[in-house]
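Student: If you scroll down you'll find the structure; I have some questions about it.
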Amino acid sequence: MTTGLETGCALLTGNATAAWAARLADVDYVPAFPITPQTEIIESLAAWSSGGEIPARVVNLDSEHSMITAAGAAAATGCRAFTATSSQGLLYAMEALYTVAGWRVPFVLVNVSRGLAAPITLEPDHNDILAARDSGCIQIHAETCQEVLDSILMGYRIAEDPRVRLPVIVNMDGFYLSFTREPVALPDPARVRAFLPAFDPGAVAFRASRPIAQGVGALGGPLYTHFRHQAHLAARNALTVHEEVATAFELEFGRSYDVIERYQMDDAEYVLVMAGSFATKAKAAIHTLRARGRRVGLLRLRLIRPWPAEAIRRELAGRRAAAVIDQNISPGLGGILFQEVAATMISSQSRPGVMRSFVGGLGGKDISPGEFMHVVDVLENSGPDEPTEPELLYTEADWSQIHPLLVIAQTPDRHSNEEAAP
Amino acid sequence: MKVKREFFRNLKELPTEELLAPGSPMCAGCGGLITLRLVLKVLGPNVVVVNAAGCLTMLAAYPYSPLRASWLYTTMGSAPAGAQGVRDALDVLIARGRLPASEDLRVVVLAGDGSTLDIGLSSMSGAIHRGLDFHYICYDNEAFGNTGFQGSSSSPFGSRTATSPAGTTQHKKDLFALWLAHRPPYAATVSAADPVDLAEKVRRSMQFRGPKLFVGLATCPPGWGIDPAQGHHVGKLALDTGIWPLKEAVHGEVRHTYVPDHLKPVEDYLQTQARFHHLFSPQRHDDILATIQNEVIGYWNEVRHREFPQTLLGELSRADLR
């Protein structure tokens, strides 16, 4: 643990980084509930709070549903609130998540992605965070520990902007990021204060001198539609606000972020589209492929809500082929983000001739260099009229690892013929 | 027998100020609304009401609110957590010097029995356990009234609900006892049919920091099948038959604030309401009626034994009913 460290560069896990970001953001309030792999975040904040190192109040709630309600209610009272969860916890909180987004209150929630039950598991995929896709919360997906820190600090600026006023979820992958130490530049607290002044709720907060009603019913379709559409417009505003905040952030701290990240994109004919820390694996594979003269690039999605449609359209226009590698699965459909990318490109005259959907990395399953090579091979060998059935990334090695277990459990071997074996 | 009162001796001494304006969309004769009106009179205007989904949620429908107090609608299952967030936020802002203490508010949860005893039970339990400084107002109409009177775990034995058309076979959960198990500084049962008792208890509770329960029997004309004009009469019968005891607990010490000298037969209360008609017609269900009556007699005998051991109040029996 890094208690006592004020600024500078440190080797921090994703979880420790998230706690440091909340500390640097000078949060007032942390409602908490434990769940693996997020727990270390709230433990760090609880230790700092009880040791008097931070002024924030950390309170254990009775569930994530209560925790998100409390975070939203504190924000509705004018506090800067922070909280964190994972997986089942995010789903347990789902009703409250929609509710507080509808309240139009700003706070930052860190989700440490973890595959969803059943079967219960521990390692990451994005079905948890994408289940919150339509909640009205802003979503930023981080690839590195540094990006976790920076996205949380930027997240408060975006959330608290009067044009947005929505909760921000910063997502990181469990284990791969939450428990992996990386060098992280911790900014000077005074400079963070300059970048992120104390939250000013304006007239929308509970005060004795000024009674107000928040979260009231809106009866009738036209009125309800009005408020839902306002939330949509506010989320769209986050694209502009993100750009402004990123500019201010770069001026203050020298690190630059866009709504998407481009890697080896300039001359890329084949583009992989991904989110989260598995993009690092893709970058390594692209490095190898480039050395072999194959023009492959990566488009990493940072903002998933609001959806950066314009940037995606711009980046994919004119490419020969694109593959969306979804670290999630919508049973009966396939990858979720492929649908959104494909819908974004449908009206573009210069869309890639081939767009393919891959599902991989479920429950933290590795996506090996060979699997990335296979994806690129498929792109190179596909014609525009071929069916775009989603393909599962699953190797012979994966199969031989689980086959003995299926034999022990006497599980009928029903699915083996569907597995791709690059 | 009534206990001695410190703050309000009679109706005329209640605050005349109205903090709940008329013209809400509640049903005529809503006992929950009268309970809220009386509670707010005593708590005063510096209140934020944190509401759980239920009948009274419709009090604040954009752009109107009949309340002088602030209002936050949460969800059906997390109003106490909303109260936690508001209370903690006010405390932190005042402690950090960002808010003057004069801007502080009392935090009040307003929830029905279905939210309280079913979907919101763990959220409520958590808030009491954490020692949250708040008032919890449960308007207990003994069913999910807003959705058409389906059974809740507060529906009394034998009562008909939309989901127990032949009569509820379970017994009502004891919210007061449930609170006492959490050791709050204050808990009370109240009734809008005894406004002075209610006001006195709210005033008494204000000297305690921590969780404070008020559970009020809320007459529900459409759900109970009574004429709205009969609300007060039926509420009074609940007290006089001993079905709804008025009591309070200060740091766990329980005392009854109204001990009827003579209990009226429970049938006097049950017969006023359509939700119990099936116990009398087309044929009488003497077994069920006896179960309800015996439970009430047993309850009050225990009260007399525990709270008045030195008096001449003897064991009640069915022969004592008047």
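By order in the structure tokens, chains are A, B, ...; within a chain, residues start at 1; ligands start at 1, following the order shown.
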Check the DSSP output for the backbone and give back, as a list of chain:residue names, the residues of segment 238-272 of chain B in helix (DSSP H, G or I).
Tutor: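 So, restricting segment 238-272 of chain B to helix (DSSP H, G or I), we get B:Ala238, B:Leu239, B:Asp240, B:Val266, B:Glu267, B:Asp268, B:Tyr269, B:Leu270.
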Student: Write a file of the just-selected residues containing C-alpha atoms, as a PDB file, in the first residue's frame.
Tutor:
ATOM      1  CA  ALA B 238     -58.898  -0.183  16.233  1.00  0.00           C
ATOM      2  CA  LEU B 239     -57.753   1.481  19.458  1.00  0.00           C
ATOM      3  CA  ASP B 240     -60.810   0.572  21.545  1.00  0.00           C
ATOM      4  CA  VAL B 266     -62.793  -7.189  17.768  1.00  0.00           C
ATOM      5  CA  GLU B 267     -65.922  -7.920  15.741  1.00  0.00           C
ATOM      6  CA  ASP B 268     -66.987  -4.299  16.280  1.00  0.00           C
ATOM      7  CA  TYR B 269     -63.915  -3.280  14.283  1.00  0.00           C
ATOM      8  CA  LEU B 270     -63.885  -6.112  11.761  1.00  0.00           C
TER       9      LEU B 270
END
Student: Find the residues in chain B near chain A: any atom within 8 Å counts, using only C-alpha atoms. Write them as a ChimeraX atom specification.
Tutor: /B:46-48,57-58,60-62,65,68-75,78-79,81-90,92-93,102-105,122-123,126
Student: Looking at B:Val50, B:Leu263, B:Ile137, B:Leu99, which one is nearest to Val202 of chain B, with distances taken over only C-alpha atoms?
Tutor: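 So, comparing all the options, the nearest one is B:Ile137.
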Student: Give me, as a list in words, the residues of segment 1-152 of chain B that a backbone DSSP run labels strand (DSSP E).
Tutor: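 Answer for segment 1-152 of chain B restricted to strand (DSSP E) is Val47, Val48, Val49, Val50, Asn51, Ser70, Trp71, Leu72, Tyr73, Arg106, Val107, Val108, Val109, Leu110, Ala111, Gly112, Phe134, His135, Tyr136, Ile137, Cys138, Tyr139 and Asp140 of chain B.
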Student: Measure the distance from atom CA of Arg160 of chain B to atom CA of Leu110 of chain B in Å and round it to one decimal.
Tutor: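 Atom CA of Arg160 of chain B sits 25.1 Å away from atom CA of Leu110 of chain B.
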Student: Would you mind listing what lies within 10 Å of segment 292-297 of chain B as a PyMOL selection string, with only C-alpha atoms counted and same-chain residues fewer than 6 positions away left out?
Tutor: chain B and resi 156-158+171+241-245+263+265-267+270+286+303+315-318+320-321
Student: Give me the residues within 6 Å of Ala249 of chain B as a list in words, counting only C-alpha atoms and dropping any in the same chain fewer than 2 places off.
Tutor: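 Using only C-alpha atoms, the neighbours found are Tyr186, Ala187, Gly252, Glu253 and Val254 of chain B.
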Student: Next, write the just-selected residues to a file, as a PDB file, in the first residue's frame, keeping N, CA and C atoms as the atom set.
Tutor:
ATOM      1  N   TYR B 186     -35.682   5.476  20.016  1.00  0.00           N
ATOM      2  CA  TYR B 186     -37.113   5.739  20.134  1.00  0.00           C
ATOM      3  C   TYR B 186     -37.901   4.985  19.073  1.00  0.00           C
ATOM      4  N   ALA B 187     -39.037   4.439  19.473  1.00  0.00           N
ATOM      5  CA  ALA B 187     -39.966   3.813  18.528  1.00  0.00           C
ATOM      6  C   ALA B 187     -41.371   3.984  19.070  1.00  0.00           C
ATOM      7  N   GLY B 252     -35.587   1.170  24.421  1.00  0.00           N
ATOM      8  CA  GLY B 252     -36.020  -0.210  24.631  1.00  0.00           C
ATOM      9  C   GLY B 252     -37.052  -0.391  25.730  1.00  0.00           C
ATOM     10  N   GLU B 253     -37.270   0.651  26.535  1.00  0.00           N
ATOM     11  CA  GLU B 253     -38.248   0.565  27.633  1.00  0.00           C
ATOM     12  C   GLU B 253     -39.643   0.832  27.051  1.00  0.00           C
ATOM     13  N   VAL B 254     -40.475  -0.196  27.038  1.00  0.00           N
ATOM     14  CA  VAL B 254     -41.782  -0.071  26.383  1.00  0.00           C
ATOM     15  C   VAL B 254     -42.840   0.361  27.392  1.00  0.00           C
TER      16      VAL B 254
END
Student: Name the residues in contact with Thr17 of chain A at a cut-off of 9 Å, using only C-alpha atoms, excluding same-chain residues fewer than 6 positions from it; report them as a ChimeraX atom specification.
Tutor: /A:41,145-146,148-149,178,184,186
Student: Generate the output file for the selected residues, N, CA and C atoms, as a PDB file, in the first residue's frame.
Tutor:
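Ended up saving to part-v7.pdb:
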ATOM      1  N   ILE A  41     -10.561  -0.998  -3.226  1.00  0.00           N
ATOM      2  CA  ILE A  41     -10.768   0.453  -3.414  1.00  0.00           C
ATOM      3  C   ILE A  41     -11.392   1.052  -2.159  1.00  0.00           C
ATOM      4  N   CYS A 145      -3.835   1.687 -15.636  1.00  0.00           N
ATOM      5  CA  CYS A 145      -4.035   2.277 -14.309  1.00  0.00           C
ATOM      6  C   CYS A 145      -4.008   3.809 -14.389  1.00  0.00           C
ATOM      7  N   GLN A 146      -3.067   4.342 -15.177  1.00  0.00           N
ATOM      8  CA  GLN A 146      -3.001   5.799 -15.325  1.00  0.00           C
ATOM      9  C   GLN A 146      -4.316   6.348 -15.878  1.00  0.00           C
ATOM     10  N   VAL A 148      -7.214   5.036 -15.480  1.00  0.00           N
ATOM     11  CA  VAL A 148      -8.216   4.962 -14.407  1.00  0.00           C
ATOM     12  C   VAL A 148      -8.175   6.255 -13.594  1.00  0.00           C
ATOM     13  N   LEU A 149      -6.968   6.636 -13.187  1.00  0.00           N
ATOM     14  CA  LEU A 149      -6.819   7.849 -12.377  1.00  0.00           C
ATOM     15  C   LEU A 149      -7.316   9.078 -13.144  1.00  0.00           C
ATOM     16  N   SER A 178      -7.267  -4.388 -11.990  1.00  0.00           N
ATOM     17  CA  SER A 178      -7.527  -4.114 -10.569  1.00  0.00           C
ATOM     18  C   SER A 178      -6.381  -4.579  -9.687  1.00  0.00           C
ATOM     19  N   VAL A 184       2.198   4.764 -12.126  1.00  0.00           N
ATOM     20  CA  VAL A 184       1.139   5.770 -12.225  1.00  0.00           C
ATOM     21  C   VAL A 184       1.687   7.107 -11.743  1.00  0.00           C
ATOM     22  N   LEU A 186       1.056  10.335 -10.028  1.00  0.00           N
ATOM     23  CA  LEU A 186       0.048  10.922  -9.139  1.00  0.00           C
ATOM     24  C   LEU A 186       0.233  12.434  -9.142  1.00  0.00           C
TER      25      LEU A 186
END
Student: List the spatial neighbours of Arg9 of chain B as a list of chain:residue names - criterion: any atom at most 12 Å away, only C-alpha atoms, same-chain residues fewer than 4 positions off excluded.
Tutor: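 That gives B:Lys2, B:Val3, B:Lys4, B:Arg5, B:Glu13, B:Leu14, B:Asp194, B:Pro195, B:Val196, B:Asp197, B:Leu198, B:Ala199, B:Glu200, B:Lys201.
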Student: Restricting the calculation to only C-alpha atoms, which member of A:Gly332, A:Gly383, A:Pro201, A:Gly364 is positioned closest to Arg104 of chain A?
Tutor: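 Among the listed residues, A:Pro201 lies closest to Arg104 of chain A.
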Student: Which residues are near Leu33 of chain B? Cut-off 12 Å, only C-alpha atoms, ignore same chain within fewer than 4 positions. Put them as a PyMOL selection string.
Tutor: chain B and resi 19-29+37-40+55-59+66-67+110-112+137-141+191-192+216-220+231
Student: Please save N, CA and C atoms of the selected residues as a compact mmCIF listing (two decimals), in the first residue's frame.
Tutor:
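So result.txt came out as:
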# COMPACT_ATOMS: atom_id res chain seq x y z
N LEU B 19 -48.36 22.41 7.21
CA LEU B 19 -47.20 22.25 6.33
C LEU B 19 -47.51 21.35 5.14
N LEU B 20 -48.71 20.81 5.15
CA LEU B 20 -49.17 19.97 4.04
C LEU B 20 -50.44 20.62 3.51
N ALA B 21 -50.35 21.16 2.31
CA ALA B 21 -51.49 21.89 1.76
C ALA B 21 -52.57 20.91 1.30
N PRO B 22 -53.83 21.37 1.29
CA PRO B 22 -54.89 20.51 0.76
C PRO B 22 -54.77 20.39 -0.76
N GLY B 23 -55.46 19.44 -1.32
CA GLY B 23 -55.48 19.32 -2.77
C GLY B 23 -54.52 18.29 -3.31
N SER B 24 -54.14 17.31 -2.50
CA SER B 24 -53.26 16.25 -2.99
C SER B 24 -54.10 15.20 -3.72
N PRO B 25 -53.45 14.35 -4.52
CA PRO B 25 -54.22 13.32 -5.24
C PRO B 25 -54.53 12.08 -4.40
N MET B 26 -54.38 12.15 -3.06
CA MET B 26 -54.69 10.97 -2.24
C MET B 26 -56.20 10.72 -2.21
N CYS B 27 -56.56 9.47 -1.88
CA CYS B 27 -57.98 9.12 -1.76
C CYS B 27 -58.61 9.89 -0.60
N ALA B 28 -59.89 10.14 -0.70
CA ALA B 28 -60.62 10.73 0.42
C ALA B 28 -60.52 9.78 1.61
N GLY B 29 -60.24 10.35 2.77
CA GLY B 29 -60.20 9.53 3.99
C GLY B 29 -58.90 8.78 4.18
N ARG B 37 -49.58 14.63 7.85
CA ARG B 37 -49.91 16.03 8.16
C ARG B 37 -49.61 16.32 9.64
N LEU B 38 -50.02 15.41 10.52
CA LEU B 38 -49.81 15.61 11.95
C LEU B 38 -48.33 15.55 12.32
N VAL B 39 -47.61 14.60 11.73
CA VAL B 39 -46.18 14.48 12.03
C VAL B 39 -45.45 15.76 11.63
N LEU B 40 -45.76 16.26 10.42
CA LEU B 40 -45.06 17.44 9.92
C LEU B 40 -45.37 18.68 10.75
N CYS B 55 -48.43 4.70 -2.06
CA CYS B 55 -49.53 5.62 -2.34
C CYS B 55 -49.07 7.08 -2.29
N LEU B 56 -48.29 7.43 -1.24
CA LEU B 56 -47.97 8.84 -1.02
C LEU B 56 -46.93 9.37 -1.99
N THR B 57 -46.36 8.49 -2.82
CA THR B 57 -45.41 8.95 -3.83
C THR B 57 -46.06 9.97 -4.76
N MET B 58 -47.36 9.81 -4.97
CA MET B 58 -48.05 10.71 -5.90
C MET B 58 -48.31 12.09 -5.31
N LEU B 59 -47.89 12.30 -4.04
CA LEU B 59 -48.01 13.64 -3.45
C LEU B 59 -47.27 14.66 -4.32
N PRO B 66 -47.54 19.41 -2.46
CA PRO B 66 -48.34 20.06 -1.43
C PRO B 66 -47.53 20.31 -0.15
N LEU B 67 -46.24 19.96 -0.19
CA LEU B 67 -45.43 20.02 1.03
C LEU B 67 -44.65 21.32 1.14
N LEU B 110 -40.54 8.36 4.46
CA LEU B 110 -41.98 8.14 4.37
C LEU B 110 -42.22 6.91 3.51
N ALA B 111 -42.74 5.86 4.12
CA ALA B 111 -42.88 4.59 3.39
C ALA B 111 -44.12 3.85 3.86
N GLY B 112 -44.72 3.09 2.99
CA GLY B 112 -45.84 2.25 3.35
C GLY B 112 -45.37 0.94 3.96
N ILE B 137 -41.32 7.17 9.08
CA ILE B 137 -42.79 7.16 9.16
C ILE B 137 -43.31 6.04 8.27
N CYS B 138 -43.90 5.04 8.88
CA CYS B 138 -44.55 3.98 8.11
C CYS B 138 -46.06 4.16 8.21
N TYR B 139 -46.68 4.46 7.07
CA TYR B 139 -48.15 4.50 7.07
C TYR B 139 -48.63 3.11 6.69
N ASP B 140 -49.23 2.46 7.68
CA ASP B 140 -49.50 1.03 7.59
C ASP B 140 -50.98 0.82 7.23
N ASN B 141 -51.25 0.66 5.95
CA ASN B 141 -52.63 0.34 5.57
C ASN B 141 -52.79 -1.16 5.34
N SER B 191 -51.64 6.61 15.88
CA SER B 191 -52.86 6.56 15.07
C SER B 191 -53.36 7.98 14.87
N ALA B 192 -53.77 8.25 13.64
CA ALA B 192 -54.36 9.57 13.38
C ALA B 192 -55.67 9.74 14.14
N GLY B 216 -47.93 4.16 11.91
CA GLY B 216 -49.31 4.58 12.15
C GLY B 216 -50.29 3.72 11.36
N LEU B 217 -51.30 3.24 12.04
CA LEU B 217 -52.34 2.51 11.32
C LEU B 217 -53.03 3.50 10.39
N ALA B 218 -53.05 3.18 9.09
CA ALA B 218 -53.56 4.12 8.10
C ALA B 218 -54.85 3.57 7.49
N THR B 219 -55.95 4.13 7.92
CA THR B 219 -57.23 3.71 7.35
C THR B 219 -57.20 3.92 5.85
N CYS B 220 -57.73 2.95 5.11
CA CYS B 220 -57.63 2.96 3.65
C CYS B 220 -59.02 2.66 3.08
N GLY B 231 -63.51 6.97 8.37
CA GLY B 231 -62.11 6.71 8.67
C GLY B 231 -61.76 6.90 10.14
Student: Between atom CA of Arg204 of chain B and atom CA of Pro45 of chain B, measure the distance and give it in Å to one decimal.
Tutor: 17.4 Å
Student: If I take atom CA of Ala317 of chain A and atom CA of Gln339 of chain A, how far is one from the other in Å, to one decimal?
Tutor: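 Answer for the atom CA of Ala317 of chain A to atom CA of Gln339 of chain A separation: 16.8 Å.
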Student: Between B:Ala101, B:Ile119, B:Met206, B:Leu11, which one has atoms that come closest to Gly77 of chain B, using only C-alpha atoms?
Tutor: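 Among the listed residues, the smallest separation from Gly77 of chain B belongs to B:Ile119.
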